[in-house]
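Text of the file query-v2.cif, holding mmCIF, C-alpha atoms:
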```cif
data_data
loop_
_atom_site.group_PDB
_atom_site.id
_atom_site.type_symbol
_atom_site.label_atom_id
_atom_site.label_comp_id
_atom_site.auth_asym_id
_atom_site.auth_seq_id
_atom_site.Cartn_x
_atom_site.Cartn_y
_atom_site.Cartn_z
ATOM 1 C CA MET A 1 93.086 -7.721 69.297
ATOM 2 C CA ASN A 2 96.162 -8.484 71.348
ATOM 3 C CA TRP A 3 96.550 -4.951 72.593
ATOM 4 C CA LEU A 4 92.881 -4.887 73.541
ATOM 5 C CA SER A 5 93.191 -7.907 75.806
ATOM 6 C CA ASN A 6 96.373 -6.389 77.228
ATOM 7 C CA LEU A 7 94.436 -3.224 77.955
ATOM 8 C CA ILE A 8 91.640 -5.154 79.644
ATOM 9 C CA ASP A 9 94.156 -7.133 81.696
ATOM 10 C CA ASN A 10 95.883 -3.959 82.822
ATOM 11 C CA TRP A 11 92.533 -2.427 83.685
ATOM 12 C CA LEU A 12 91.476 -5.447 85.743
ATOM 13 C CA ALA A 13 94.818 -5.468 87.563
ATOM 14 C CA PHE A 14 94.469 -1.754 88.243
ATOM 15 C CA MET A 15 90.936 -2.155 89.546
ATOM 16 C CA SER A 16 91.768 -5.070 91.846
ATOM 17 C CA VAL A 17 93.279 -2.709 94.438
ATOM 18 C CA GLY A 18 90.820 -0.841 96.617
ATOM 19 C CA GLU A 19 92.748 2.416 96.586
ATOM 20 C CA ASN A 20 92.766 2.458 92.797
ATOM 21 C CA VAL A 21 89.015 1.946 92.633
ATOM 22 C CA ALA A 22 88.501 4.908 94.951
ATOM 23 C CA PHE A 23 90.943 6.915 92.846
ATOM 24 C CA ALA A 24 89.038 6.079 89.655
ATOM 25 C CA ILE A 25 85.675 7.069 91.137
ATOM 26 C CA LEU A 26 87.062 10.350 92.479
ATOM 27 C CA ALA A 27 88.789 11.042 89.159
ATOM 28 C CA VAL A 28 85.563 10.540 87.214
ATOM 29 C CA ILE A 29 83.670 12.875 89.577
ATOM 30 C CA MET A 30 86.427 15.460 89.402
ATOM 31 C CA ILE A 31 86.879 15.519 85.632
ATOM 32 C CA SER A 32 83.164 15.541 84.904
ATOM 33 C CA SER A 33 82.440 18.362 87.325
ATOM 34 C CA ALA A 34 85.415 20.354 86.014
ATOM 35 C CA VAL A 35 84.141 19.960 82.448
ATOM 36 C CA PHE A 36 80.626 20.895 83.607
ATOM 37 C CA MET A 37 82.133 23.957 85.260
ATOM 38 C CA ILE A 38 83.574 25.115 81.965
ATOM 39 C CA THR A 39 80.422 24.405 79.952
ATOM 40 C CA PHE A 40 77.738 25.803 82.278
ATOM 41 C CA THR A 41 76.416 29.188 81.254
ATOM 42 C CA ARG A 42 75.182 30.402 84.638
ATOM 43 C CA VAL A 43 77.853 31.492 87.064
ATOM 44 C CA VAL A 44 76.231 30.108 90.227
ATOM 45 C CA HIS A 45 76.110 26.631 88.684
ATOM 46 C CA MET A 46 79.806 27.013 87.891
ATOM 47 C CA VAL A 47 80.611 27.705 91.535
ATOM 48 C CA ILE A 48 78.615 24.688 92.703
ATOM 49 C CA SER A 49 80.436 22.330 90.361
ATOM 50 C CA LEU A 50 83.703 23.974 91.451
ATOM 51 C CA ALA A 51 82.842 23.035 95.044
ATOM 52 C CA LEU A 52 82.320 19.463 93.841
ATOM 53 C CA VAL A 53 85.808 19.500 92.291
ATOM 54 C CA PHE A 54 87.257 20.723 95.602
ATOM 55 C CA ILE A 55 85.481 18.032 97.625
ATOM 56 C CA SER A 56 86.647 15.234 95.341
ATOM 57 C CA LEU A 57 90.179 16.668 95.562
ATOM 58 C CA ALA A 58 89.872 16.403 99.345
ATOM 59 C CA GLY A 59 88.967 12.746 98.867
ATOM 60 C CA MET A 60 92.132 12.257 96.851
ATOM 61 C CA TYR A 61 94.155 13.894 99.627
ATOM 62 C CA VAL A 62 92.703 11.373 102.082
ATOM 63 C CA LEU A 63 93.800 8.605 99.706
ATOM 64 C CA LEU A 64 97.304 10.121 99.755
ATOM 65 C CA GLU A 65 97.392 10.059 103.583
ATOM 66 C CA ALA A 66 97.154 13.828 103.915
ATOM 67 C CA GLU A 67 94.188 14.004 106.257
ATOM 68 C CA PHE A 68 94.910 17.435 107.669
ATOM 69 C CA VAL A 69 95.309 18.973 104.225
ATOM 70 C CA ALA A 70 92.074 17.283 103.177
ATOM 71 C CA PHE A 71 90.156 18.918 106.018
ATOM 72 C CA VAL A 72 91.795 22.260 105.301
ATOM 73 C CA GLN A 73 90.775 21.820 101.672
ATOM 74 C CA VAL A 74 87.144 21.289 102.641
ATOM 75 C CA LEU A 75 87.152 24.178 105.118
ATOM 76 C CA ILE A 76 89.027 26.772 103.050
ATOM 77 C CA TYR A 77 88.186 25.893 99.467
ATOM 78 C CA ALA A 78 84.792 24.203 99.555
ATOM 79 C CA GLY A 79 83.662 26.456 102.387
ATOM 80 C CA ALA A 80 85.280 29.863 102.372
ATOM 81 C CA ILE A 81 86.421 30.397 98.809
ATOM 82 C CA SER A 82 83.203 29.117 97.216
ATOM 83 C CA ILE A 83 81.150 31.397 99.463
ATOM 84 C CA LEU A 84 83.448 34.313 98.641
ATOM 85 C CA MET A 85 82.952 33.618 94.944
ATOM 86 C CA ILE A 86 79.174 33.555 95.450
ATOM 87 C CA PHE A 87 79.416 36.904 97.252
ATOM 88 C CA GLY A 88 81.386 38.267 94.332
ATOM 89 C CA ILE A 89 78.727 37.014 91.930
ATOM 90 C CA MET A 90 75.875 38.487 93.942
ATOM 91 C CA MET A 91 77.600 41.874 94.196
ATOM 92 C CA THR A 92 78.126 42.184 90.458
ATOM 93 C CA ARG A 93 75.805 41.817 87.533
ATOM 94 C CA HIS A 94 76.292 38.923 85.193
ATOM 95 C CA ASP A 95 74.813 38.560 81.778
ATOM 96 C CA GLU A 96 74.437 35.054 80.494
ATOM 97 C CA GLU A 97 77.740 33.936 79.101
ATOM 98 C CA GLU A 98 77.089 34.628 75.447
ATOM 99 C CA GLN A 99 78.211 32.450 72.610
ATOM 100 C CA PRO A 100 81.874 32.960 71.705
ATOM 101 C CA LYS A 101 82.257 35.725 69.198
ATOM 102 C CA GLN A 102 85.620 34.648 67.799
ATOM 103 C CA PRO A 103 85.354 30.977 66.849
ATOM 104 C CA LEU A 104 88.883 30.967 65.420
ATOM 105 C CA PHE A 105 90.344 32.152 68.727
ATOM 106 C CA GLN A 106 88.313 29.596 70.653
ATOM 107 C CA ALA A 107 89.397 26.761 68.367
ATOM 108 C CA LEU A 108 93.046 27.792 68.586
ATOM 109 C CA LEU A 109 92.801 28.042 72.365
ATOM 110 C CA LEU A 110 91.162 24.646 72.691
ATOM 111 C CA SER A 111 93.738 22.970 70.464
ATOM 112 C CA GLY A 112 96.519 24.732 72.365
ATOM 113 C CA CYS A 113 95.251 23.450 75.705
ATOM 114 C CA VAL A 114 94.849 19.926 74.316
ATOM 115 C CA ALA A 115 98.372 20.117 72.878
ATOM 116 C CA LEU A 116 99.729 21.248 76.248
ATOM 117 C CA PHE A 117 97.984 18.319 77.902
ATOM 118 C CA GLY A 118 99.424 15.987 75.246
ATOM 119 C CA ILE A 119 102.939 17.239 75.925
ATOM 120 C CA ILE A 120 102.534 16.826 79.698
ATOM 121 C CA PHE A 121 101.018 13.376 79.184
ATOM 122 C CA TYR A 122 103.907 12.293 76.939
ATOM 123 C CA VAL A 123 106.488 13.578 79.410
ATOM 124 C CA ILE A 124 104.832 11.849 82.367
ATOM 125 C CA GLN A 125 104.528 8.574 80.456
ATOM 126 C CA SER A 126 108.122 8.611 79.240
ATOM 127 C CA THR A 127 109.594 9.408 82.645
ATOM 128 C CA THR A 128 110.645 6.530 84.853
ATOM 129 C CA PHE A 129 109.878 7.429 88.447
ATOM 130 C CA THR A 130 112.348 5.755 90.742
ATOM 131 C CA PRO A 131 110.392 4.081 93.498
ATOM 132 C CA SER A 132 111.285 5.503 96.863
ATOM 133 C CA THR A 133 113.720 3.626 99.038
ATOM 134 C CA SER A 134 112.045 4.728 102.247
ATOM 135 C CA SER A 135 108.318 4.426 102.775
ATOM 136 C CA PHE A 136 106.130 7.411 103.474
ATOM 137 C CA ASP A 137 105.449 8.091 107.127
ATOM 138 C CA ALA A 138 102.493 10.377 107.733
ATOM 139 C CA GLY A 139 102.954 10.159 111.467
ATOM 140 C CA ALA A 140 100.660 8.344 113.857
ATOM 141 C CA ASP A 141 98.809 11.647 114.207
ATOM 142 C CA ASN A 142 99.031 13.523 110.926
ATOM 143 C CA THR A 143 97.917 16.844 112.402
ATOM 144 C CA LYS A 144 100.445 16.616 115.226
ATOM 145 C CA ALA A 145 103.255 15.730 112.839
ATOM 146 C CA ILE A 146 102.423 18.681 110.592
ATOM 147 C CA GLY A 147 102.196 21.010 113.572
ATOM 148 C CA GLU A 148 105.598 19.965 114.879
ATOM 149 C CA LEU A 149 107.148 20.412 111.443
ATOM 150 C CA LEU A 150 105.448 23.781 110.984
ATOM 151 C CA TYR A 151 106.633 25.234 114.302
ATOM 152 C CA ASN A 152 110.159 23.808 114.215
ATOM 153 C CA GLN A 153 111.581 23.732 110.717
ATOM 154 C CA HIS A 154 109.220 26.046 108.840
ATOM 155 C CA VAL A 155 108.515 28.703 111.450
ATOM 156 C CA ILE A 156 109.895 31.640 109.425
ATOM 157 C CA PRO A 157 107.775 30.979 106.313
ATOM 158 C CA PHE A 158 104.842 30.448 108.665
ATOM 159 C CA GLU A 159 105.281 33.904 110.232
ATOM 160 C CA LEU A 160 105.883 35.489 106.834
ATOM 161 C CA ILE A 161 102.680 33.990 105.505
ATOM 162 C CA SER A 162 100.701 35.361 108.443
ATOM 163 C CA VAL A 163 102.074 38.845 107.660
ATOM 164 C CA LEU A 164 101.165 38.382 104.003
ATOM 165 C CA LEU A 165 97.656 37.260 104.892
ATOM 166 C CA THR A 166 97.147 40.299 107.138
ATOM 167 C CA VAL A 167 98.386 42.664 104.438
ATOM 168 C CA ALA A 168 96.202 41.030 101.798
ATOM 169 C CA PHE A 169 93.062 41.208 103.915
ATOM 170 C CA ILE A 170 93.660 44.831 104.933
ATOM 171 C CA GLY A 171 94.240 45.615 101.266
ATOM 172 C CA ALA A 172 91.040 43.827 100.300
ATOM 173 C CA ILE A 173 89.018 45.770 102.872
ATOM 174 C CA VAL A 174 90.541 49.078 101.748
ATOM 175 C CA LEU A 175 89.875 48.287 98.080
ATOM 176 C CA ALA A 176 86.282 47.221 98.618
ATOM 177 C CA LYS A 177 85.352 49.961 101.095
ATOM 178 C CA LYS A 178 86.749 52.844 99.073
ATOM 179 C CA GLU A 179 84.114 55.401 98.193
ATOM 180 C CA GLU A 180 83.632 56.201 94.533
ATOM 181 C CA GLY A 181 87.141 57.140 93.493
ATOM 182 C CA MET B 1 100.084 -1.858 89.412
ATOM 183 C CA ASP B 2 102.867 -0.936 91.792
ATOM 184 C CA ASN B 3 103.225 2.740 90.936
ATOM 185 C CA ILE B 4 100.159 4.963 90.876
ATOM 186 C CA LEU B 5 102.076 8.262 90.827
ATOM 187 C CA PRO B 6 101.637 8.927 87.065
ATOM 188 C CA SER B 7 97.857 8.631 87.467
ATOM 189 C CA TYR B 8 97.842 11.444 90.005
ATOM 190 C CA LEU B 9 100.160 13.562 87.856
ATOM 191 C CA ILE B 10 97.912 13.111 84.804
ATOM 192 C CA MET B 11 94.915 13.997 86.966
ATOM 193 C CA GLY B 12 96.679 17.233 87.905
ATOM 194 C CA ALA B 13 97.516 17.904 84.262
ATOM 195 C CA ILE B 14 93.865 17.491 83.242
ATOM 196 C CA LEU B 15 92.733 19.915 85.943
ATOM 197 C CA PHE B 16 95.443 22.394 84.947
ATOM 198 C CA CYS B 17 94.508 22.314 81.260
ATOM 199 C CA ILE B 18 90.783 22.744 81.996
ATOM 200 C CA GLY B 19 91.618 25.679 84.248
ATOM 201 C CA LEU B 20 93.890 27.210 81.607
ATOM 202 C CA TYR B 21 91.184 26.954 78.966
ATOM 203 C CA GLY B 22 88.628 28.538 81.291
ATOM 204 C CA ALA B 23 90.956 31.347 82.346
ATOM 205 C CA LEU B 24 91.735 32.306 78.757
ATOM 206 C CA SER B 25 88.363 31.838 77.106
ATOM 207 C CA LYS B 26 85.779 33.197 79.565
ATOM 208 C CA LYS B 27 84.682 36.818 79.643
ATOM 209 C CA SER B 28 83.343 37.135 83.170
ATOM 210 C CA ALA B 29 86.070 38.122 85.628
ATOM 211 C CA ILE B 30 84.759 35.878 88.395
ATOM 212 C CA VAL B 31 84.924 32.840 86.114
ATOM 213 C CA VAL B 32 88.538 33.708 85.331
ATOM 214 C CA LEU B 33 89.261 33.772 89.083
ATOM 215 C CA ILE B 34 87.543 30.388 89.497
ATOM 216 C CA SER B 35 89.650 28.894 86.720
ATOM 217 C CA VAL B 36 92.847 30.202 88.322
ATOM 218 C CA GLU B 37 91.772 28.449 91.521
ATOM 219 C CA LEU B 38 91.438 25.232 89.551
ATOM 220 C CA MET B 39 95.004 25.586 88.274
ATOM 221 C CA LEU B 40 96.325 26.195 91.803
ATOM 222 C CA ASN B 41 94.529 23.068 92.991
ATOM 223 C CA ALA B 42 96.180 21.041 90.254
ATOM 224 C CA SER B 43 99.592 22.098 91.574
ATOM 225 C CA ASN B 44 98.512 21.189 95.117
ATOM 226 C CA LEU B 45 97.552 17.708 93.962
ATOM 227 C CA ASN B 46 100.993 17.272 92.420
ATOM 228 C CA PHE B 47 102.707 18.376 95.643
ATOM 229 C CA ILE B 48 100.795 15.867 97.744
ATOM 230 C CA ALA B 49 101.223 13.040 95.230
ATOM 231 C CA PHE B 50 104.983 13.595 95.205
ATOM 232 C CA SER B 51 105.060 13.859 98.988
ATOM 233 C CA LYS B 52 103.756 10.299 99.213
ATOM 234 C CA TYR B 53 105.032 8.517 96.104
ATOM 235 C CA GLY B 54 108.003 10.663 95.109
ATOM 236 C CA PRO B 55 111.662 9.643 95.311
ATOM 237 C CA ALA B 56 112.043 11.187 98.784
ATOM 238 C CA PRO B 57 108.693 10.917 100.595
ATOM 239 C CA SER B 58 108.237 13.356 103.444
ATOM 240 C CA LEU B 59 105.648 15.600 105.050
ATOM 241 C CA THR B 60 107.200 18.739 103.565
ATOM 242 C CA GLY B 61 104.998 18.483 100.492
ATOM 243 C CA GLN B 62 101.927 18.754 102.702
ATOM 244 C CA ILE B 63 103.401 21.798 104.469
ATOM 245 C CA PHE B 64 104.025 23.417 101.092
ATOM 246 C CA THR B 65 100.434 22.702 100.101
ATOM 247 C CA LEU B 66 99.188 24.436 103.242
ATOM 248 C CA PHE B 67 101.208 27.539 102.339
ATOM 249 C CA ASN B 68 99.850 27.337 98.803
ATOM 250 C CA ILE B 69 96.261 27.219 100.074
ATOM 251 C CA THR B 70 96.938 30.309 102.202
ATOM 252 C CA ILE B 71 98.331 32.203 99.215
ATOM 253 C CA ALA B 72 95.286 31.180 97.180
ATOM 254 C CA ALA B 73 92.940 32.488 99.880
ATOM 255 C CA ALA B 74 94.743 35.845 99.938
ATOM 256 C CA GLU B 75 94.653 36.000 96.145
ATOM 257 C CA VAL B 76 90.916 35.344 96.014
ATOM 258 C CA ALA B 77 90.197 37.957 98.684
ATOM 259 C CA VAL B 78 92.157 40.649 96.824
ATOM 260 C CA GLY B 79 90.747 39.514 93.469
ATOM 261 C CA VAL B 80 87.130 39.734 94.593
ATOM 262 C CA ALA B 81 87.814 43.134 96.209
ATOM 263 C CA ILE B 82 89.300 44.473 92.967
ATOM 264 C CA LEU B 83 86.358 43.020 91.075
ATOM 265 C CA ILE B 84 83.820 44.764 93.308
ATOM 266 C CA ALA B 85 85.718 48.069 93.156
ATOM 267 C CA LEU B 86 85.860 47.858 89.350
ATOM 268 C CA PHE B 87 82.186 47.022 89.191
ATOM 269 C CA LYS B 88 81.380 50.071 91.343
ATOM 270 C CA ASN B 89 83.405 52.336 89.091
ATOM 271 C CA LYS B 90 82.678 50.988 85.632
ATOM 272 C CA GLY B 91 79.516 48.922 86.069
ATOM 273 C CA THR B 92 80.837 45.863 84.306
ATOM 274 C CA SER B 93 82.458 42.574 85.200
ATOM 275 C CA ASN B 94 83.594 41.780 81.692
ATOM 276 C CA VAL B 95 87.350 41.363 81.465
ATOM 277 C CA GLU B 96 87.427 42.668 77.909
ATOM 278 C CA GLU B 97 86.225 46.082 79.033
ATOM 279 C CA MET B 98 88.873 46.368 81.754
ATOM 280 C CA ASP B 99 91.460 48.027 79.529
ATOM 281 C CA SER B 100 91.763 51.548 80.969
ATOM 282 C CA MET B 101 95.497 51.054 81.667
ATOM 283 C CA ARG B 102 96.212 49.642 78.247
ATOM 284 C CA TYR B 103 96.627 52.749 76.129
#
```
How would this structure read if it were set down as structure tokens?
Amino acid sequence: MNWLSNLIDNWLAFMSVGENVAFAILAVIMISSAVFMITFTRVVHMVISLALVFISLAGMYVLLEAEFVAFVQVLIYAGAISILMIFGIMMTRHDEEEQPKQPLFQALLLSGCVALFGIIFYVIQSTTFTPSTSSFDAGADNTKAIGELLYNQHVIPFELISVLLTVAFIGAIVLAKKEEG
Amino acid sequence: MDNILPSYLIMGAILFCIGLYGALSKKSAIVVLISVELMLNASNLNFIAFSKYGPAPSLTGQIFTLFNITIAAAEVAVGVAILIALFKNKGTSNVEEMDSMRY
């Protein structure tokens, strides 16, 4: 019973900080909606729970003092990408996701994913993260700080990514507009 | 609890493994795309967690996440376009029937 009281003590210590409580709530929302996403059979329900995962991720970004990235997450992921997925669903026909035909493959896959998670978990737990010597400075205005960094140090990747985005969108339009080929 | 970084990393690992399972087990192509998005988001969470609690905290992790989000948007746009073109040509969105380049 000693380890149990240790566990409860650790849990109470963890929960006594406000940030950790928010983290735990967001984590519960995120994991449950991600699991729901995998288990739902209708595709539209999957997209809605995916949007819930994205919004709770944005909450975690706010906890990590990344306000600008959190807003971008809500705008791009929860807004644009979810809507794009719904468009993709409406444009194609979807049968109900039938029961898995190869139970052996499914079982192997599930155990493989759980094993991968176990390995990552073991590695994370056995690593000692050196606490940082300097504290994190998100800037008085996070958006301004990111903008200055983006246009001074990272301007070449920024321009490259705009070229890539243009190419990708032109390619998407060409692919989707092509007459029966 | 002075160091919360492992909690965020484990959170990312859970998201990544759920996304991996979905991407490999589902038959509908759009669900595979959704699961890939989940995996990309797990990597974004790791970037931002390290940018605050890592050994050298700086804003560069957030910049990298912004680039990552852009790449993900481009990937989804092209993916959905390919999906719609395939559906027009073959009338299916099942990934197991998309094997015309296999043989």
Suppose you want the space between CA of Ala172 (chain A) and CA of Ala81 (chain B); what is it in Å?
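CA of Ala172 (chain A) sits 5.3 Å away from CA of Ala81 (chain B).
Separating CA of Ser162 (chain A) from CA of Phe67 (chain B) is a distance of 9.9 Å.
What separates CA of Pro6 (chain B) from CA of Ile124 (chain A) is a distance of 6.4 Å.
Nearest to Leu59 (chain B) of all the residues B:Ile18, B:Asn94, B:Phe47, B:Val32 is B:Phe47, based on all atoms listed in the file.
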Rows by chain and residue number, chain B within 8 Å of chain A, shortest pair, all atoms listed in the file, as a Markdown table:
```
| residue | atom | partner | partner_atom | distance |
| --- | --- | --- | --- | --- |
| B:Met1 | CA | A:Phe14 | CA | 5.7 |
| B:Asn3 | CA | A:Pro131 | CA | 7.7 |
| B:Pro6 | CA | A:Ile124 | CA | 6.4 |
| B:Leu9 | CA | A:Ile124 | CA | 7.4 |
| B:Ile10 | CA | A:Phe121 | CA | 6.4 |
| B:Met11 | CA | A:Ala27 | CA | 7.1 |
| B:Ala13 | CA | A:Phe117 | CA | 6.4 |
| B:Ile14 | CA | A:Phe117 | CA | 6.8 |
| B:Leu15 | CA | A:Ile31 | CA | 7.3 |
| B:Cys17 | CA | A:Cys113 | CA | 5.7 |
| B:Ile18 | CA | A:Ala34 | CA | 7.1 |
| B:Leu20 | CA | A:Cys113 | CA | 7.1 |
| B:Tyr21 | CA | A:Cys113 | CA | 6.3 |
| B:Gly22 | CA | A:Ile38 | CA | 6.1 |
| B:Leu24 | CA | A:Leu109 | CA | 7.8 |
| B:Ser25 | CA | A:Gln106 | CA | 6.8 |
| B:Lys27 | CA | A:Glu97 | CA | 7.5 |
| B:Ser28 | CA | A:His94 | CA | 7.6 |
| B:Ile30 | CA | A:Ile89 | CA | 7.1 |
| B:Val31 | CA | A:Val43 | CA | 7.3 |
| B:Ile34 | CA | A:Val47 | CA | 7.7 |
| B:Leu45 | CA | A:Leu57 | CA | 7.6 |
| B:Ile48 | CA | A:Leu64 | CA | 7.0 |
| B:Ala49 | CA | A:Leu64 | CA | 6.7 |
| B:Ser51 | CA | A:Phe136 | CA | 7.9 |
| B:Lys52 | CA | A:Phe136 | CA | 5.7 |
| B:Tyr53 | CA | A:Ser132 | CA | 7.0 |
| B:Gly54 | CA | A:Ser132 | CA | 6.4 |
| B:Pro55 | CA | A:Ser132 | CA | 4.4 |
| B:Ala56 | CA | A:Ser132 | CA | 6.0 |
| B:Pro57 | CA | A:Phe136 | CA | 5.2 |
| B:Ser58 | CA | A:Phe136 | CA | 6.3 |
| B:Leu59 | CA | A:Ala138 | CA | 6.7 |
| B:Gln62 | CA | A:Val69 | CA | 6.8 |
| B:Ile63 | CA | A:Ile146 | CA | 6.9 |
| B:Thr65 | CA | A:Val69 | CA | 7.6 |
| B:Leu66 | CA | A:Val69 | CA | 6.8 |
| B:Phe67 | CA | A:Ile161 | CA | 7.3 |
| B:Ile69 | CA | A:Ile76 | CA | 7.8 |
| B:Thr70 | CA | A:Leu165 | CA | 7.5 |
| B:Ile71 | CA | A:Leu165 | CA | 7.6 |
| B:Ala73 | CA | A:Ile81 | CA | 6.9 |
| B:Ala74 | CA | A:Ala168 | CA | 5.7 |
| B:Glu75 | CA | A:Ala168 | CA | 7.7 |
| B:Val76 | CA | A:Ile81 | CA | 7.2 |
| B:Ala77 | CA | A:Ala172 | CA | 6.1 |
| B:Val78 | CA | A:Ala172 | CA | 4.8 |
| B:Val80 | CA | A:Gly88 | CA | 5.9 |
| B:Ala81 | CA | A:Ala176 | CA | 5.0 |
| B:Ile82 | CA | A:Leu175 | CA | 6.4 |
| B:Leu83 | CA | A:Gly88 | CA | 7.6 |
| B:Ile84 | CA | A:Ala176 | CA | 6.3 |
| B:Ala85 | CA | A:Ala176 | CA | 5.6 |
| B:Phe87 | CA | A:Thr92 | CA | 6.4 |
| B:Lys88 | CA | A:Glu180 | CA | 7.3 |
| B:Asn89 | CA | A:Glu180 | CA | 6.7 |
| B:Thr92 | CA | A:Arg93 | CA | 7.2 |
| B:Ser93 | CA | A:Thr92 | CA | 6.8 |
```
Enclose all atoms of region 35-47 of chain B listed in the file in an axis-aligned box, grow every side by 8 Å, and hand back centre and edge lengths in Å to one decimal, as JSON.
```
{"center_x": 96.2, "center_y": 23.7, "center_z": 91.2, "size_x": 29.1, "size_y": 28.9, "size_z": 24.9}
```
Expected residue set, 7 Å radius at (93.6, 26.6, 95.4), all atoms listed in the file, as number ranges by chain
A: 77; B: 37-38, 40-41, 69, 72
Dump C-alpha atoms for the selected residues as a PDB file, in the coordinates of the input?
```pdb
ATOM      1  CA  TYR A  77      88.186  25.893  99.467  1.00  0.00           C
TER       2      TYR A  77
ATOM      3  CA  GLU B  37      91.772  28.449  91.521  1.00  0.00           C
ATOM      4  CA  LEU B  38      91.438  25.232  89.551  1.00  0.00           C
ATOM      5  CA  LEU B  40      96.325  26.195  91.803  1.00  0.00           C
ATOM      6  CA  ASN B  41      94.529  23.068  92.991  1.00  0.00           C
ATOM      7  CA  ILE B  69      96.261  27.219 100.074  1.00  0.00           C
ATOM      8  CA  ALA B  72      95.286  31.180  97.180  1.00  0.00           C
TER       9      ALA B  72
END
```
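Shortest atom-to-atom contact with Ala22 (chain A) among A:Leu7, A:Leu52, A:Met90, A:Val62: A:Val62, counting all atoms listed in the file.
Minimum atom-to-atom distances from A:Asp141, A:Gly59, A:Ile48, A:Thr41 to Ile83 (chain A) were compared using all atoms listed in the file, and the lowest value belongs to A:Ile48.
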